[in-house]
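Novice: Here it is: the structure, laid out below.
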Amino acid sequence: MKNNSEKNSKRLIMLCAVAALITLNMFFITGCEKNAVDKNVSIKDEVTDDADSDEGGNTDSDAIDINATPVEANSKLYKDIDDMLVDYMAYYEKSYSAGNAVCVYGFMYNADTNMPVDVSEITENVPEELKQANLLYLRPGDFEVCENSEYDVNILDNDLTPFISVLTDKGYYIASSEYKGGMLTTEDYRALIMRYNCSNGEIYTPKKDSQTYNDIVNAISDNWNTDKTIDVKYIGCDDKFAVVVANLVEEPLDIREYLLQSSGNVWNIRSKELARQKNVKQYVNEMHPNMDLNILPYYNLAGYGDFRTDLYGYYDQITASNELGVNKEDLPAIYCMYSDNFIYYEFAQGKKVVGHVDNGVLTFYKVNSTDEAVALMSSFTDKPPVFIIKFG
């Protein structure tokens with residue numbers, strides 16, 4: 001990285017005028033707008049679930065579409081579905097390998113586009129009677145909720161599996177490549193799909209020192225089992241799930257991402273491996289297909305590389321700049337972390353500096369708050385590694 005102390009520092013002044021707090025919220029709560037299931041929602045019946053069950057949760061009307069026109073259940077329909085299942089499985093295997101196969105309200109979604117997969121995406125020639133077919137992504141074990149339908153599936157199978165469903169004149173015909181097709185009543189189909197209800201309350205960032213914030217942070221602190229200072233980078237949660245990104249101030253490279261689930265007033269850790277997952281949405285969705293994936297931060301930690309800390313070599317450049325306001329008496333840095341062409345320093349008396357590498361040239365900027373640091377980094381790229389900032 002080359003040094004350049006003559007970059008125009010007016011850039012920061014301009015962007016600080018652009019609502020830094022709004023920008024911060026954008027990065028802390030990514031996708032607060034819920035996943036909108038692209039279906040004509042019509043079911044409004046309440047569906048309750050066992051409070052101890054992992055699936056279900058709160059319910060609302062954003063569930064399934066039963067406004068499709070029924071088609072005749074006949075041998076041609078069954079054959080056409082079998083043929084489409086071949087194409088569906090080929091699509092699924094490719095999508096899964098790319099980390100894009102996720103379940104949203106029981107439907108197969110593309111995690112990259114955040115949209116449901118349509119039958120036209122898996123085959124060019126869609127028979128007329130299958131144009132309203134639903135591409136589902138379900139756990140066979142969840143068919144246990146179907147009380148009034150005879151459908152032979154393995155209720156011990158909890159792996160998400162592609163299914164196709166079609167509303168017929170005899171009920172919902174549903175089939176997969178592994179499980180022979182069978183009919184479900186409307187009530188059973190509704191109960192099955194609602195197992196994947198991911199509306200578990202509004203997604204938000206709990207205020208620091210609030211009861212929810214303390215409960216969540218205490219849970220990860222107990223798991224971390226360290227006397228060192230935990231710096232929380234991100235918390236997103238609803239009434240059922242929470243995701244936390246944090247590291248240690250004294251050891252910045254020890255950065256972790258936790259998934260938690262609430263049980264009453266207690267938050268339990270379900271996974272502490274999110275930071276290692278290349279396809280984190282798919283990883284979380286396989287464990288909890290009823291979790292709203294918008295709780296996750298926009299960044300995927302495993303997608304960033306070359307994490308560094310203790311970068312002392314730039315101290316002369318930083319202290320030589322009057323604009324940065326850092327003196328030799330402020331050294332060494334209290335905190336330093338680098339990733340993806342950004343460096344963040346915090347010195348004595350709360351002095352903060354962000355470095356950015358552009359075309360091999362490193363330029364430093366003074367920032368007065370974490371809000372300004374996020375705003376500055378976001379002015380350079382759409383998805384900056386804001387987790388390098390010291391927030392605590």
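Naming scheme: A, B, ... for chains in displayed order of the structure tokens; residues 1 onward per chain; ligands 1 onward as shown.
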Could you pull the residues within 6 Å of A:Lys233, counting only C-alpha atoms, minus those fewer than 4 positions along the same chain, as a count of residues only?

Specialist: 3

Novice: Could the residues of stretch 188-293 of chain A that have an atom at most 10 Å from stretch 106-122 of chain A be listed as JSON lines, each with its closest atom pair and the distance in Å to one decimal, counting only C-alpha atoms and ordered by chain and ascending residue number?

Specialist:
```
{"residue": "A:Leu192", "atom": "CA", "partner": "A:Gly106", "partner_atom": "CA", "distance": 8.3}
{"residue": "A:Ile193", "atom": "CA", "partner": "A:Gly106", "partner_atom": "CA", "distance": 5.4}
{"residue": "A:Met194", "atom": "CA", "partner": "A:Gly106", "partner_atom": "CA", "distance": 7.8}
{"residue": "A:Arg195", "atom": "CA", "partner": "A:Gly106", "partner_atom": "CA", "distance": 7.8}
{"residue": "A:Tyr196", "atom": "CA", "partner": "A:Gly106", "partner_atom": "CA", "distance": 5.5}
{"residue": "A:Asn197", "atom": "CA", "partner": "A:Gly106", "partner_atom": "CA", "distance": 8.0}
{"residue": "A:Cys198", "atom": "CA", "partner": "A:Gly106", "partner_atom": "CA", "distance": 9.6}
{"residue": "A:Asn279", "atom": "CA", "partner": "A:Ala111", "partner_atom": "CA", "distance": 9.5}
{"residue": "A:Lys281", "atom": "CA", "partner": "A:Ala111", "partner_atom": "CA", "distance": 7.0}
{"residue": "A:Gln282", "atom": "CA", "partner": "A:Ala111", "partner_atom": "CA", "distance": 7.6}
{"residue": "A:Asn285", "atom": "CA", "partner": "A:Ala111", "partner_atom": "CA", "distance": 10.0}
{"residue": "A:Pro289", "atom": "CA", "partner": "A:Gly106", "partner_atom": "CA", "distance": 8.0}
{"residue": "A:Asn290", "atom": "CA", "partner": "A:Gly106", "partner_atom": "CA", "distance": 8.7}
{"residue": "A:Leu293", "atom": "CA", "partner": "A:Ala111", "partner_atom": "CA", "distance": 9.0}
```

Novice: Go through A:Lys207, A:Ile235, A:Leu85, A:Ser165 and flag the residue nearest A:Ser177, using only C-alpha atoms for the distances.

Specialist: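 Counting only C-alpha atoms, the residue closest to A:Ser177 is A:Leu85.
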
Novice: So which one's closest to A:Ile81, A:Asp254, A:Asp159, A:Asp152, A:Gly181? Using only C-alpha atoms, please.

Specialist: A:Gly181

Novice: As a count of residues only, please: every residue in stretch 212-297 of chain A that DSSP puts in strand (DSSP E).

Specialist: 31

Novice: Find the spatial neighbours of A:Tyr344, counting only C-alpha atoms, within a cut-off of 7 Å - ignore same-chain residues fewer than 6 positions away - and output them as a CSV table (one decimal) with C-alpha atoms, in the first residue's frame.

Specialist:
```
chain,number,residue,atom,x,y,z
A,336,CYS,CA,-6.8,-1.1,15.2
A,337,MET,CA,-8.3,-3.3,12.6
A,338,TYR,CA,-7.9,-3.7,8.8
A,353,VAL,CA,-9.0,7.7,12.0
A,354,VAL,CA,-10.2,5.8,9.0
A,355,GLY,CA,-7.8,4.8,6.2
A,388,ILE,CA,-13.7,-3.2,11.7
A,389,ILE,CA,-14.9,-0.1,13.6
```

Novice: Go through stretch 288-339 of chain A and collect every residue that DSSP, computed from the backbone, puts in helix (DSSP H, G or I); the answer should be as a PyMOL selection string.

Specialist: chain A and resi 293-295+301-303+312-320+328-330

Novice: Choose the residue, out of A:Lys208, A:Lys170, A:Lys351, A:Lys278, that has the smallest atom-to-atom separation from A:Asp330; count only C-alpha atoms.

Specialist: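 The answer is A:Lys351, which sits nearest to A:Asp330.
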
Novice: Using only C-alpha atoms, determine which residues lie at most 12 Å from A:Asn214, disregarding the query and same-chain residues fewer than 6 positions distant; provide the list as a count of residues only.

Specialist: 11

Novice: Taking only C-alpha atoms into account, which of A:Ser176, A:Thr168, A:Thr309, A:Ser339 comes nearest A:Val153?

Specialist: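 Smallest distance to A:Val153 is found for A:Ser176.
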
Novice: Quick check, in Å to one decimal: how far apart do atom CA of A:Gly313 and atom CA of A:Asp231 lie?

Specialist: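 Rounded to one decimal, the two atoms are 24.6 Å apart.
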
Novice: Calculated over only C-alpha atoms, which of the candidates A:Thr185, A:Asn225, A:Asn341, A:Asn200 has the smallest distance to A:Tyr151?

Specialist: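 Looking only at the distances to A:Tyr151, the closest residue turns out to be A:Thr185.
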
Novice: May I have the residues within 12 Å of A:Tyr304 as a list in words, using only C-alpha atoms and disregarding those fewer than 3 positions away in the same chain?

Specialist: Ala275, Arg276, Gln277, Lys278, Tyr299, Asn300, Leu301, Phe307, Arg308, Tyr338, Ser339, Asp340, Asn341, Phe342, Lys383, Pro384, Pro385, Val386, Phe387 and Ile388 of chain A
